[in-house]
file structure-v4.cif (mmCIF, C-alpha atoms)
data_data
loop_
_atom_site.label_atom_id
_atom_site.label_comp_id
_atom_site.auth_asym_id
_atom_site.auth_seq_id
_atom_site.Cartn_x
_atom_site.Cartn_y
_atom_site.Cartn_z
CA MET A 207 33.54 -47.85 -11.93
CA LEU A 208 30.04 -49.11 -11.31
CA PHE A 209 28.44 -49.16 -7.84
CA ARG A 210 25.30 -51.26 -7.50
CA VAL A 211 23.24 -51.58 -4.36
CA ASP A 212 19.92 -53.35 -3.90
CA PRO A 213 18.11 -52.21 -0.75
CA GLY A 214 15.86 -55.29 -1.08
CA SER A 215 18.78 -57.71 -0.77
CA ALA A 216 19.67 -59.53 2.46
CA VAL A 217 23.32 -58.43 2.06
CA PRO A 218 24.08 -55.26 4.08
CA LEU A 219 24.40 -52.10 1.93
CA ALA A 220 27.95 -51.42 3.16
CA ASP A 221 28.98 -54.91 2.02
CA GLN A 222 27.33 -54.34 -1.37
CA ILE A 223 29.32 -51.13 -1.79
CA ALA A 224 32.53 -52.90 -0.76
CA ALA A 225 31.74 -55.72 -3.21
CA SER A 226 31.32 -53.21 -6.06
CA VAL A 227 34.78 -51.77 -5.41
CA ARG A 228 36.31 -55.23 -4.95
CA GLY A 229 34.85 -56.36 -8.27
CA ALA A 230 36.14 -53.25 -10.06
CA ILE A 231 39.64 -53.78 -8.63
CA ALA A 232 39.54 -57.49 -9.53
CA ASP A 233 38.60 -56.89 -13.17
CA GLY A 234 41.10 -54.03 -13.55
CA THR A 235 38.56 -51.21 -14.03
CA VAL A 236 40.11 -49.51 -11.03
CA ARG A 237 43.90 -49.50 -10.79
CA PRO A 238 46.42 -48.87 -7.98
CA GLY A 239 46.58 -45.16 -7.17
CA ASP A 240 43.00 -44.52 -8.36
CA ARG A 241 40.87 -42.54 -6.00
CA LEU A 242 37.40 -43.71 -4.95
CA PRO A 243 34.58 -41.14 -5.00
CA ALA A 244 34.14 -39.09 -1.83
CA ALA A 245 31.89 -40.95 0.63
CA ARG A 246 29.45 -38.06 0.94
CA ALA A 247 29.06 -37.66 -2.84
CA LEU A 248 28.65 -41.42 -3.36
CA GLY A 249 26.09 -41.61 -0.55
CA GLU A 250 24.01 -38.84 -2.11
CA SER A 251 24.31 -40.45 -5.52
CA LEU A 252 23.14 -43.89 -4.32
CA GLY A 253 20.62 -42.52 -1.84
CA VAL A 254 22.55 -44.17 1.01
CA ASN A 255 23.76 -42.74 4.33
CA VAL A 256 27.34 -41.45 4.25
CA HIS A 257 28.21 -43.64 7.26
CA THR A 258 27.09 -46.72 5.34
CA VAL A 259 29.50 -45.82 2.54
CA LEU A 260 32.28 -45.21 5.07
CA ARG A 261 31.58 -48.61 6.65
CA GLY A 262 32.02 -50.18 3.20
CA TYR A 263 35.28 -48.27 2.68
CA GLN A 264 36.45 -49.28 6.16
CA ARG A 265 35.95 -52.92 5.29
CA LEU A 266 38.01 -52.50 2.10
CA ARG A 267 40.75 -50.91 4.19
CA GLU A 268 40.74 -53.89 6.56
CA GLU A 269 41.11 -56.16 3.53
CA GLY A 270 44.18 -54.17 2.47
CA LEU A 271 42.65 -52.98 -0.82
CA ILE A 272 42.49 -49.26 -0.12
CA GLU A 273 44.06 -46.65 2.11
CA LEU A 274 41.95 -44.06 3.89
CA ARG A 275 43.73 -40.78 4.48
CA ARG A 276 42.32 -37.66 6.01
CA GLY A 277 41.95 -35.04 3.30
CA ARG A 278 42.98 -37.39 0.51
CA GLY A 279 40.01 -39.73 0.60
CA ALA A 280 40.13 -43.40 -0.34
CA VAL A 281 42.95 -44.49 -2.64
CA VAL A 282 43.49 -47.97 -4.07
CA THR A 283 46.81 -49.30 -2.69
CA GLY A 284 49.81 -50.25 -4.77
CA ASP A 285 50.27 -53.69 -3.17
CA GLN A 286 48.93 -56.00 -5.92
CA PRO A 287 45.34 -55.01 -5.27
CA THR A 288 44.04 -56.82 -8.36
CA ALA A 289 45.30 -60.23 -7.25
CA ARG A 290 44.25 -59.50 -3.67
CA ALA A 291 40.72 -58.55 -4.74
CA ARG A 292 40.43 -61.75 -6.77
CA LEU A 293 41.57 -63.77 -3.74
CA LEU A 294 38.99 -62.01 -1.56
CA GLU A 295 36.28 -62.78 -4.09
CA GLY A 296 37.38 -66.43 -3.93
CA VAL A 297 37.09 -66.37 -0.13
CA GLN A 298 33.66 -64.81 -0.46
CA GLY A 299 32.64 -67.63 -2.82
CA LEU A 300 34.00 -70.23 -0.40
CA VAL A 301 31.98 -68.78 2.49
CA GLU A 302 28.80 -68.63 0.41
CA GLN A 303 29.16 -72.26 -0.76
CA ALA A 304 29.89 -73.45 2.78
CA ARG A 305 26.82 -71.63 4.11
CA ALA A 306 24.69 -73.13 1.34
CA LEU A 307 25.90 -76.58 2.44
CA GLY A 308 25.00 -75.75 6.03
CA LEU A 309 28.60 -75.99 7.36
CA SER A 310 29.36 -74.21 10.62
CA ASP A 311 32.06 -71.52 10.83
CA GLU A 312 34.30 -73.94 12.78
CA GLU A 313 33.96 -76.62 10.10
CA VAL A 314 34.89 -74.13 7.34
CA LEU A 315 37.96 -72.97 9.29
CA THR A 316 39.01 -76.58 9.88
CA LEU A 317 38.71 -77.31 6.17
CA VAL A 318 40.87 -74.32 5.27
CA ARG A 319 43.39 -75.08 8.01
CA THR A 320 43.76 -78.69 6.87
CA ARG A 321 44.31 -77.50 3.32
CA LEU A 322 46.93 -74.96 4.46
CA THR A 323 48.92 -77.49 6.56
CA GLY A 324 48.60 -80.13 3.84
CA GLY A 325 50.30 -77.68 1.43
CA MET B 352 7.59 -32.35 -47.81
CA ARG B 353 10.53 -34.22 -46.23
CA PRO B 354 11.59 -32.61 -42.94
CA ALA B 355 15.17 -32.10 -44.13
CA ARG B 356 13.97 -30.17 -47.19
CA ARG B 357 11.54 -28.15 -45.12
CA ARG B 358 14.32 -27.15 -42.73
CA VAL B 359 16.53 -25.96 -45.58
CA LEU B 360 13.63 -23.87 -46.86
CA VAL B 361 12.92 -22.36 -43.43
CA VAL B 362 16.55 -21.40 -42.89
CA ALA B 363 17.15 -20.08 -46.43
CA LEU B 364 13.82 -18.28 -46.85
CA PRO B 365 14.62 -14.93 -45.12
CA PHE B 366 17.79 -14.47 -47.18
CA VAL B 367 15.98 -15.19 -50.44
CA LEU B 368 13.13 -12.88 -49.36
CA ALA B 369 15.54 -10.07 -48.46
CA TRP B 370 17.25 -10.52 -51.83
CA ALA B 371 13.91 -10.42 -53.65
CA VAL B 372 12.85 -7.28 -51.77
CA VAL B 373 16.06 -5.45 -52.69
CA LEU B 374 15.76 -6.53 -56.34
CA ALA B 375 12.10 -5.48 -56.45
CA ALA B 376 12.97 -2.07 -54.95
CA PHE B 377 15.71 -1.69 -57.55
CA ALA B 378 13.40 -2.63 -60.42
CA GLY B 379 10.69 -0.25 -59.18
CA LEU B 380 13.06 2.71 -58.69
CA ARG B 381 15.25 2.00 -61.70
CA ASP B 382 14.40 5.17 -63.67
CA ARG B 383 14.81 7.45 -60.65
CA LEU B 384 18.22 6.16 -59.46
CA PRO B 385 21.55 7.91 -60.14
CA ASP B 386 24.54 5.87 -61.35
CA PRO B 387 26.79 5.50 -59.38
CA LEU B 388 24.75 5.16 -56.20
CA ALA B 389 25.68 6.72 -52.88
CA THR B 390 26.48 3.64 -50.77
CA HIS B 391 28.37 4.93 -47.77
CA PHE B 392 27.52 7.76 -45.43
CA GLY B 393 29.55 9.77 -42.95
CA PRO B 394 28.57 10.38 -39.34
CA GLY B 395 26.49 13.42 -40.35
CA GLY B 396 24.51 11.37 -42.87
CA GLU B 397 26.19 12.89 -45.94
CA ALA B 398 27.30 10.55 -48.73
CA ASP B 399 31.03 9.76 -48.82
CA GLY B 400 31.23 6.48 -50.77
CA PHE B 401 29.85 5.57 -54.21
CA THR B 402 29.25 2.35 -56.16
CA GLY B 403 28.00 1.66 -59.70
CA THR B 404 24.53 0.06 -59.94
CA GLY B 405 25.91 -3.15 -61.47
CA ALA B 406 28.50 -3.54 -58.74
CA PHE B 407 25.89 -2.69 -56.10
CA LEU B 408 23.59 -5.50 -57.30
CA SER B 409 26.52 -7.97 -57.39
CA VAL B 410 27.46 -7.08 -53.82
CA VAL B 411 23.84 -7.40 -52.64
CA THR B 412 23.53 -10.82 -54.27
CA ALA B 413 26.88 -12.09 -53.01
CA VAL B 414 26.36 -10.88 -49.44
CA LEU B 415 22.77 -12.11 -49.03
CA LEU B 416 23.12 -15.46 -50.77
CA GLY B 417 26.61 -16.01 -49.30
CA SER B 418 25.50 -15.45 -45.71
CA GLY B 419 22.42 -17.57 -46.44
CA LEU B 420 24.62 -20.46 -47.55
CA LEU B 421 26.86 -20.08 -44.49
CA THR B 422 23.82 -20.23 -42.21
CA LEU B 423 22.55 -23.29 -44.06
CA MET B 424 25.74 -25.31 -43.67
CA PRO B 425 25.12 -26.64 -40.14
CA THR B 426 21.50 -27.41 -41.07
CA LEU B 427 22.64 -29.54 -43.98
CA ARG B 428 25.38 -31.22 -41.98
CA LEU B 429 23.45 -32.02 -38.80
CA ASN B 430 20.07 -33.08 -40.16
CA LYS B 431 18.39 -32.47 -36.81
CA GLY B 432 15.40 -30.52 -35.56
CA LEU B 433 15.83 -26.77 -35.93
CA ARG B 434 15.39 -26.28 -32.19
CA ALA B 435 18.87 -27.72 -31.82
CA GLN B 436 20.16 -24.84 -33.97
CA ARG B 437 17.86 -22.20 -32.57
CA PHE B 438 20.66 -19.70 -32.06
CA ALA B 439 21.92 -20.02 -35.64
CA VAL B 440 18.41 -19.72 -37.12
CA THR B 441 17.70 -16.62 -35.01
CA LEU B 442 20.98 -15.09 -36.10
CA GLY B 443 20.21 -15.87 -39.76
CA TYR B 444 16.74 -14.26 -39.62
CA GLY B 445 18.13 -11.21 -37.83
CA LEU B 446 21.01 -10.85 -40.25
CA SER B 447 18.81 -11.11 -43.35
CA GLY B 448 16.42 -8.51 -41.85
CA LEU B 449 19.31 -6.14 -41.13
CA LEU B 450 20.92 -6.52 -44.55
CA GLY B 451 17.63 -6.49 -46.48
CA TYR B 452 16.46 -3.30 -44.78
CA ALA B 453 19.86 -1.61 -45.12
CA PHE B 454 20.12 -2.32 -48.86
CA ALA B 455 16.51 -1.40 -49.65
CA SER B 456 16.59 1.85 -47.61
CA LEU B 457 19.80 2.76 -49.44
CA LEU B 458 17.95 2.54 -52.76
CA PHE B 459 15.06 4.67 -51.48
CA ALA B 460 17.52 7.27 -50.17
CA ASN B 461 19.09 7.44 -53.64
CA ALA B 462 15.75 7.78 -55.47
CA ASP B 463 15.19 11.04 -57.36
CA ALA B 464 18.70 12.32 -56.65
CA THR B 465 20.27 13.82 -59.77
CA ARG B 466 23.72 13.55 -58.23
CA ALA B 467 24.72 10.85 -55.76
CA SER B 468 26.78 13.28 -53.69
CA ARG B 469 23.56 15.07 -52.68
CA VAL B 470 22.08 11.88 -51.19
CA SER B 471 21.88 11.73 -47.41
CA GLN B 472 20.96 8.95 -45.04
CA PRO B 473 20.21 9.98 -41.47
CA LEU B 474 21.66 7.86 -38.70
CA TRP B 475 18.28 6.84 -37.31
CA GLN B 476 17.88 4.61 -40.36
CA LEU B 477 20.50 2.37 -38.73
CA GLY B 478 18.29 2.16 -35.66
CA VAL B 479 15.34 1.10 -37.81
CA ALA B 480 17.53 -1.52 -39.50
CA PHE B 481 18.42 -3.02 -36.10
CA ALA B 482 14.78 -2.96 -35.04
CA VAL B 483 13.84 -4.88 -38.20
CA ALA B 484 16.68 -7.29 -37.42
CA ALA B 485 15.35 -7.79 -33.88
CA VAL B 486 11.82 -8.52 -35.13
CA MET B 487 13.08 -10.93 -37.76
CA GLY B 488 15.35 -12.60 -35.20
CA ALA B 489 12.42 -13.09 -32.82
CA LEU B 490 10.46 -14.63 -35.69
CA GLY B 491 13.35 -17.00 -36.42
CA TRP B 492 13.54 -17.93 -32.72
CA LEU B 493 9.83 -18.81 -32.66
CA ILE B 494 9.91 -20.76 -35.91
CA ALA B 495 12.98 -22.78 -34.87
CA GLY B 496 11.30 -23.58 -31.54
CA ARG B 497 8.43 -25.26 -33.38
CA ASP B 498 10.70 -27.95 -34.81
CA PRO B 499 11.80 -30.05 -31.81
CA ALA B 500 11.68 -33.31 -33.79
CA SER B 501 14.79 -34.97 -32.49
CA ALA B 502 14.99 -37.66 -35.14
CA THR B 503 14.76 -40.42 -32.54
CA GLY B 504 12.26 -43.06 -33.43
CA PRO B 505 11.51 -45.77 -30.88
CA GLY B 506 13.80 -47.99 -32.95
CA ASP B 507 16.83 -45.81 -32.16
CA ARG B 508 16.07 -45.98 -28.50
CA ALA B 509 15.60 -49.75 -28.51
CA ALA B 510 18.97 -50.24 -30.21
CA ALA B 511 20.84 -48.25 -27.55
CA PRO B 512 22.99 -50.33 -25.12
CA ARG B 513 21.52 -51.34 -21.74
CA LEU B 514 22.77 -52.51 -18.37
CA PRO B 515 20.31 -54.87 -16.72
CA LEU B 516 19.28 -53.78 -13.20
CA ALA B 517 17.10 -55.67 -10.75
CA ARG B 518 13.86 -54.02 -9.70
CA GLY B 519 14.67 -51.54 -6.96
CA GLU B 520 18.42 -51.83 -7.52
CA VAL B 521 20.28 -48.50 -7.45
CA ALA B 522 23.38 -47.97 -9.55
CA THR B 523 25.98 -45.22 -9.86
CA TRP B 524 28.75 -45.10 -12.42
CA THR B 525 31.62 -42.76 -11.71
CA ARG B 526 35.04 -42.21 -13.18
CA SER B 527 37.66 -39.48 -13.15
CA VAL B 528 39.30 -38.20 -16.29
CA GLY B 529 42.38 -36.00 -16.62
CA SER B 530 43.59 -33.75 -19.38
CA PRO B 531 47.33 -33.52 -19.99
CA VAL B 532 46.68 -30.74 -22.52
CA LEU B 533 44.65 -28.54 -20.14
CA LEU B 534 47.19 -29.19 -17.40
CA ALA B 535 50.12 -28.18 -19.63
CA VAL B 536 48.32 -25.12 -21.01
CA GLY B 537 47.23 -24.08 -17.51
CA ALA B 538 50.70 -24.53 -16.03
CA GLY B 539 52.25 -22.70 -18.97
CA THR B 540 49.81 -19.78 -18.68
CA THR B 541 50.41 -19.52 -14.92
CA LEU B 542 54.17 -19.57 -15.47
CA LEU B 543 53.92 -16.90 -18.16
CA GLY B 544 51.81 -14.75 -15.83
CA ALA B 545 54.30 -15.22 -12.99
CA VAL B 546 57.24 -14.30 -15.22
CA LEU B 547 55.44 -11.21 -16.57
CA THR B 548 54.56 -10.14 -13.02
CA ALA B 549 58.18 -10.59 -11.94
CA VAL B 550 59.35 -8.49 -14.89
CA GLY B 551 56.64 -6.02 -13.95
CA SER B 552 54.94 -5.60 -17.30
CA GLY B 553 51.22 -5.52 -17.99
CA PRO B 554 48.18 -6.95 -16.24
CA ALA B 555 49.59 -10.45 -15.78
CA THR B 556 47.42 -11.33 -12.76
CA TRP B 557 44.66 -12.42 -15.16
CA LEU B 558 47.01 -14.86 -16.83
CA ILE B 559 47.79 -16.43 -13.46
CA VAL B 560 44.10 -16.71 -12.57
CA ILE B 561 43.17 -18.24 -15.94
CA GLY B 562 46.13 -20.61 -15.74
CA LEU B 563 45.24 -21.78 -12.22
CA VAL B 564 41.58 -22.32 -13.14
CA SER B 565 42.59 -24.34 -16.19
CA THR B 566 45.00 -26.42 -14.08
CA ALA B 567 42.40 -27.00 -11.37
CA LEU B 568 39.76 -28.18 -13.85
CA ALA B 569 42.20 -30.40 -15.78
CA ARG B 570 40.95 -33.41 -13.79
CA CYS B 571 37.23 -33.97 -13.27
CA ARG B 572 34.94 -36.73 -12.06
CA VAL B 573 32.07 -37.81 -14.31
CA THR B 574 29.12 -39.43 -12.53
CA VAL B 575 26.00 -41.10 -13.92
CA ASP B 576 23.20 -41.94 -11.48
CA ARG B 577 19.42 -41.80 -10.99
CA ARG B 578 19.64 -37.98 -11.15
CA GLY B 579 21.38 -37.87 -14.52
CA LEU B 580 24.90 -36.87 -15.50
CA ALA B 581 27.22 -34.69 -13.42
CA VAL B 582 30.77 -33.46 -13.99
CA VAL B 583 32.65 -31.97 -11.02
CA PRO B 584 36.31 -31.05 -10.42
CA TRP B 585 38.26 -33.79 -8.61
CA PHE B 586 38.87 -31.69 -5.49
CA ALA B 587 35.42 -30.27 -4.70
CA PRO B 588 31.71 -30.80 -5.37
CA ARG B 589 31.51 -27.34 -7.02
CA PRO B 590 31.48 -25.92 -9.65
CA ARG B 591 29.23 -28.65 -10.96
CA MET B 592 27.88 -29.27 -14.41
CA ARG B 593 24.71 -31.32 -14.33
CA ILE B 594 22.34 -32.66 -16.99
CA PRO B 595 19.16 -33.98 -15.34
CA LEU B 596 17.93 -37.41 -16.43
CA ASP B 597 14.65 -36.01 -17.80
CA ARG B 598 16.58 -33.84 -20.25
CA ILE B 599 18.44 -36.80 -21.76
CA GLU B 600 16.88 -38.69 -24.65
CA ARG B 601 19.50 -41.41 -25.04
CA ALA B 602 23.22 -42.12 -24.64
CA THR B 603 25.87 -43.74 -26.81
CA SER B 604 29.64 -44.10 -26.68
CA ARG B 605 32.36 -44.02 -29.29
CA GLU B 606 35.95 -43.01 -29.88
CA ALA B 607 36.36 -39.33 -30.69
CA GLY B 608 39.35 -37.13 -31.43
CA ALA B 609 39.66 -33.92 -29.43
CA LEU B 610 39.94 -31.90 -32.64
CA SER B 611 36.80 -33.45 -34.12
CA LEU B 612 34.95 -32.25 -30.99
CA GLY B 613 36.26 -28.72 -31.45
CA GLY B 614 39.39 -28.74 -29.29
CA TRP B 615 40.11 -29.11 -25.56
CA GLY B 616 38.01 -27.73 -22.70
CA TYR B 617 34.35 -26.76 -22.87
CA ARG B 618 33.39 -26.49 -26.54
CA ILE B 619 30.20 -25.24 -28.13
CA ARG B 620 29.52 -26.22 -31.73
CA GLY B 621 26.52 -26.06 -34.01
CA GLY B 622 24.03 -28.53 -32.61
CA GLY B 623 25.74 -29.28 -29.33
CA SER B 624 28.48 -28.85 -26.76
CA ALA B 625 31.28 -30.99 -25.36
CA LEU B 626 33.65 -31.29 -22.42
CA VAL B 627 36.89 -32.45 -23.98
CA PHE B 628 39.74 -33.64 -21.77
CA ARG B 629 41.59 -35.82 -24.28
CA SER B 630 41.08 -37.88 -27.42
CA GLY B 631 39.59 -41.35 -27.05
CA ASP B 632 36.55 -42.98 -25.48
CA ALA B 633 33.67 -40.51 -25.18
CA LEU B 634 30.08 -40.47 -23.90
CA PHE B 635 27.52 -38.83 -26.23
CA LEU B 636 24.12 -37.71 -25.00
CA THR B 637 21.22 -36.78 -27.25
CA LEU B 638 19.14 -34.27 -25.28
CA THR B 639 15.38 -33.92 -25.49
CA THR B 640 15.90 -30.57 -27.23
CA GLY B 641 17.70 -32.43 -30.03
CA ARG B 642 21.07 -31.01 -29.05
CA GLU B 643 24.05 -33.21 -28.34
CA PHE B 644 26.41 -33.21 -25.37
CA ALA B 645 29.68 -35.13 -25.28
CA VAL B 646 32.22 -35.76 -22.54
CA THR B 647 35.43 -37.71 -23.10
CA VAL B 648 35.83 -40.36 -20.39
CA ASP B 649 37.10 -43.97 -20.17
CA ASP B 650 34.59 -46.84 -20.05
CA ALA B 651 31.93 -44.60 -21.61
CA ALA B 652 30.10 -47.71 -22.85
CA THR B 653 29.10 -48.68 -19.29
CA ALA B 654 28.02 -45.10 -18.57
CA ALA B 655 25.87 -45.02 -21.72
CA ALA B 656 24.29 -48.39 -20.94
CA LEU B 657 23.43 -47.31 -17.38
CA LEU B 658 21.98 -43.99 -18.58
CA ASN B 659 19.74 -45.70 -21.15
CA THR B 660 18.55 -48.17 -18.52
CA LEU B 661 17.81 -45.37 -16.02
CA ILE B 662 15.98 -43.32 -18.70
CA GLU B 663 13.84 -46.31 -19.58
CA ARG B 664 13.08 -46.98 -15.93
CA ASP B 665 12.20 -43.31 -15.42
CA ARG B 666 9.86 -43.04 -18.42
CA PRO B 667 9.20 -46.23 -20.39
CA ALA B 668 8.88 -45.78 -24.15
CA PRO B 669 5.35 -46.16 -25.54
CA GLY B 670 4.45 -49.82 -25.92
CA GLU B 671 7.05 -50.98 -23.41
CA ARG B 672 6.37 -51.97 -19.86
CA GLY B 673 8.82 -50.90 -17.15
#
call {"tool": "encode", "arguments": {"input": "structure-v4.cif", "output": "structure tokens"}}
result
Amino acid sequence: MLFRVDPGSAVPLADQIAASVRGAIADGTVRPGDRLPAARALGESLGVNVHTVLRGYQRLREEGLIELRRGRGAVVTGDQPTARARLLEGVQGLVEQARALGLSDEEVLTLVRTRLTGG
Amino acid sequence: MRPARRRVLVVALPFVLAWAVVLAAFAGLRDRLPDPLATHFGPGGEADGFTGTGAFLSVVTAVLLGSGLLTLMPTLRLNKGLRAQRFAVTLGYGLSGLLGYAFASLLFANADATRASRVSQPLWQLGVAFAVAAVMGALGWLIAGRDPASATGPGDRAAAPRLPLARGEVATWTRSVGSPVLLAVGAGTTLLGAVLTAVGSGPATWLIVIGLVSTALARCRVTVDRRGLAVVPWFAPRPRMRIPLDRIERATSREAGALSLGGWGYRIRGGGSALVFRSGDALFLTLTTGREFAVTVDDAATAAALLNTLIERDRPAPGERG
């Protein structure tokens, strides 16, 4: 899988790393059960602090895409990660479009909530 | 002269020269040689094997021209700079020196002997033959080193796949690859060693060690980044195999069968080496020495594109602006 980070971008490095993994899961390059590279090795490779990589992995864990286990590293979970990653990319797109329109967080949540209750 | 033809000449020359030297020695000594010739000598230097002159010349011709042709085969097949085949060229020069000296000194030892059984050849002649071989080998090493010409024109490099990166963007491609064959062979070897140990026969500990190493290395992680290419076992950062970016000329990817790469594991062939885990998608690197390195790994196309992009960023080709 391909990790890309741009230190010149406004997006935090940890989020860029998480986005790389999310994209790879969404397009099927990385499959359930696959192991992500060790945080230390990836940090050295990208020239990024190991804690930054771990923050990116932590975020993926919160999103339910990977499991972090001591000694086993980061493993992509078996719970439909591909569909889940695509959904998360959709959410990301929604947030970006809303921000571009100048909507507040509350307005975005209201929009989503209305849509959810409206079925 | 075309480079391909020049390379053939350079590789074949010492064998032809050795052949010519032996023939010239034979022609010059013709009237003073016994028939049959003494051609084999015991540990004390006394003759104990004999060959007719006609048969001797046939053997000389067959051995020298035969080994010359064998040495030439990779040169003809690869069509690459001789530096990529430096080892083979060195071996060829050394071998022709050894054989040429051995055959010629045999003729001189036979000269003026009325009966072949009286001929003797002291053992130190063998030492001289190896010294000649060493000198010739060194010559071959130097000559092969002067032909780096990896046949990569700028056109080849421009045609290689790329992966567009923003200025300042850092990218790492990484993927793990497993080998069912190495795993099975390793497990089998370990099992065999364990069984032999249980039965109590022979030095089976080595089998267990080899089997475990093979099993452990059956899954590796291949990484391409700003530093070049690295292959490490899945469980630890060492042992590591690394090819720095500045030693890579360009990268390509294609499907390759394990047998066409020389089998499974770490393979060395004429003109290159390969890490073979399985048949299928493989990453091929052309090194700046003209040698080739291959590693079988999925999604090798992305790895090749990233490598070419990083190489270009590291040292733009003449006429291009990075």
call {"tool": "residues_around", "arguments": {"input": "structure-v4.cif", "residues": "stretch 276-284 of chain A", "least_positions_apart": "4", "cutoff": "7 Å", "atoms": "only C-alpha atoms", "output": "ChimeraX atom specification"}}
result
/A:237-242,244,271-272
call {"tool": "closest_residue", "arguments": {"input": "structure-v4.cif", "among": "B:Phe401, B:Phe438, B:Phe459, B:Trp524", "to": "chain A", "atoms": "only C-alpha atoms"}}
result
B:Trp524
call {"tool": "atom_distance", "arguments": {"input": "structure-v4.cif", "atom1": "atom CA of B:Phe377", "atom2": "atom CA of B:Leu408"}}
result
8.8 Å
call {"tool": "resolve_selection", "arguments": {"input": "structure-v4.cif", "expression": "the PyMOL selection byres ((chain A and resi 211) around 8)", "output": "PyMOL selection string"}}
result
(chain A and resi 209-210+212-213+219+222-223+252) or (chain B and resi 520-522)
call {"tool": "resolve_selection", "arguments": {"input": "structure-v4.cif", "expression": "the PyMOL selection byres ((chain A and resi 266-269) around 12)", "output": "ChimeraX atom specification"}}
result
/A:220-229,231,242,259-265,270-275,279-283,285,287,290-295,297
call {"tool": "residues_around", "arguments": {"input": "structure-v4.cif", "residues": "stretch 658-668 of chain B", "least_positions_apart": "3", "cutoff": "10 Å", "atoms": "only C-alpha atoms", "output": "JSON, numbers by chain"}}
result
{"B": [505, 508, 509, 511, 512, 513, 514, 515, 516, 518, 521, 522, 523, 524, 575, 576, 577, 578, 579, 580, 596, 597, 598, 599, 600, 601, 602, 603, 636, 652, 653, 654, 655, 671, 672, 673]}
call {"tool": "atom_distance", "arguments": {"input": "structure-v4.cif", "atom1": "atom CA of B:Ser611", "atom2": "atom CA of B:Met424"}}
result
16.7 Å
call {"tool": "residues_near_point", "arguments": {"input": "structure-v4.cif", "point": "(45.7, -9.3, -16.5)", "cutoff": "12 Å", "atoms": "only C-alpha atoms", "output": "list in words"}}
result
Thr540, Thr541, Leu543, Gly544, Ala545, Leu547, Thr548, Gly551, Ser552, Gly553, Pro554, Ala555, Thr556, Trp557, Leu558, Ile559, Val560, Ile561 and Gly562 of chain B
call {"tool": "residues_around", "arguments": {"input": "structure-v4.cif", "residues": "B:Pro590", "least_positions_apart": "2", "cutoff": "12 Å", "atoms": "all atoms listed in the file", "output": "PyMOL selection string"}}
result
chain B and resi 564+567-568+571-572+581-588+592-593
call {"tool": "closest_residue", "arguments": {"input": "structure-v4.cif", "among": "A:Gly299, A:Gly253, A:Gly308, A:Gly324", "to": "chain B", "atoms": "only C-alpha atoms"}}
result
A:Gly253
call {"tool": "resolve_selection", "arguments": {"input": "structure-v4.cif", "expression": "the PyMOL selection byres ((chain B and resi 532) around 8)", "output": "ChimeraX atom specification"}}
result
/B:530-531,533-536,615,628-629
call {"tool": "atom_distance", "arguments": {"input": "structure-v4.cif", "atom1": "atom CA of B:Ala455", "atom2": "atom CA of B:Gly393"}}
result
18.4 Å
call {"tool": "residues_around", "arguments": {"input": "structure-v4.cif", "residues": "B:Ser418", "least_positions_apart": "5", "cutoff": "12 Å", "atoms": "all atoms listed in the file", "output": "ChimeraX atom specification"}}
result
/B:362-363,365-367,369-370,410-413,423-424,439-440,442-447,450-451
call {"tool": "write_last_selection", "arguments": {"input": "structure-v4.cif", "atoms": "C-alpha atoms", "output": "short mmCIF file (atom, residue, chain, number, x, y, z; two decimals), in the frame of the given file"}}
result
data_model
loop_
_atom_site.label_atom_id
_atom_site.label_comp_id
_atom_site.auth_asym_id
_atom_site.auth_seq_id
_atom_site.Cartn_x
_atom_site.Cartn_y
_atom_site.Cartn_z
CA VAL B 362 16.55 -21.40 -42.89
CA ALA B 363 17.15 -20.08 -46.43
CA PRO B 365 14.62 -14.93 -45.12
CA PHE B 366 17.79 -14.47 -47.18
CA VAL B 367 15.98 -15.19 -50.44
CA ALA B 369 15.54 -10.07 -48.46
CA TRP B 370 17.25 -10.52 -51.83
CA VAL B 410 27.46 -7.08 -53.82
CA VAL B 411 23.84 -7.40 -52.64
CA THR B 412 23.53 -10.82 -54.27
CA ALA B 413 26.88 -12.09 -53.01
CA LEU B 423 22.55 -23.29 -44.06
CA MET B 424 25.74 -25.31 -43.67
CA ALA B 439 21.92 -20.02 -35.64
CA VAL B 440 18.41 -19.72 -37.12
CA LEU B 442 20.98 -15.09 -36.10
CA GLY B 443 20.21 -15.87 -39.76
CA TYR B 444 16.74 -14.26 -39.62
CA GLY B 445 18.13 -11.21 -37.83
CA LEU B 446 21.01 -10.85 -40.25
CA SER B 447 18.81 -11.11 -43.35
CA LEU B 450 20.92 -6.52 -44.55
CA GLY B 451 17.63 -6.49 -46.48
#
call {"tool": "axis_aligned_box", "arguments": {"input": "structure-v4.cif", "around": "stretch 263-277 of chain A", "padding_each_side": "5 Å", "output": "lines of an AutoDock Vina configuration file"}}
result
center_x = 39.7
center_y = -45.6
center_z = 2.9
size_x = 18.9
size_y = 31.1
size_z = 17.4
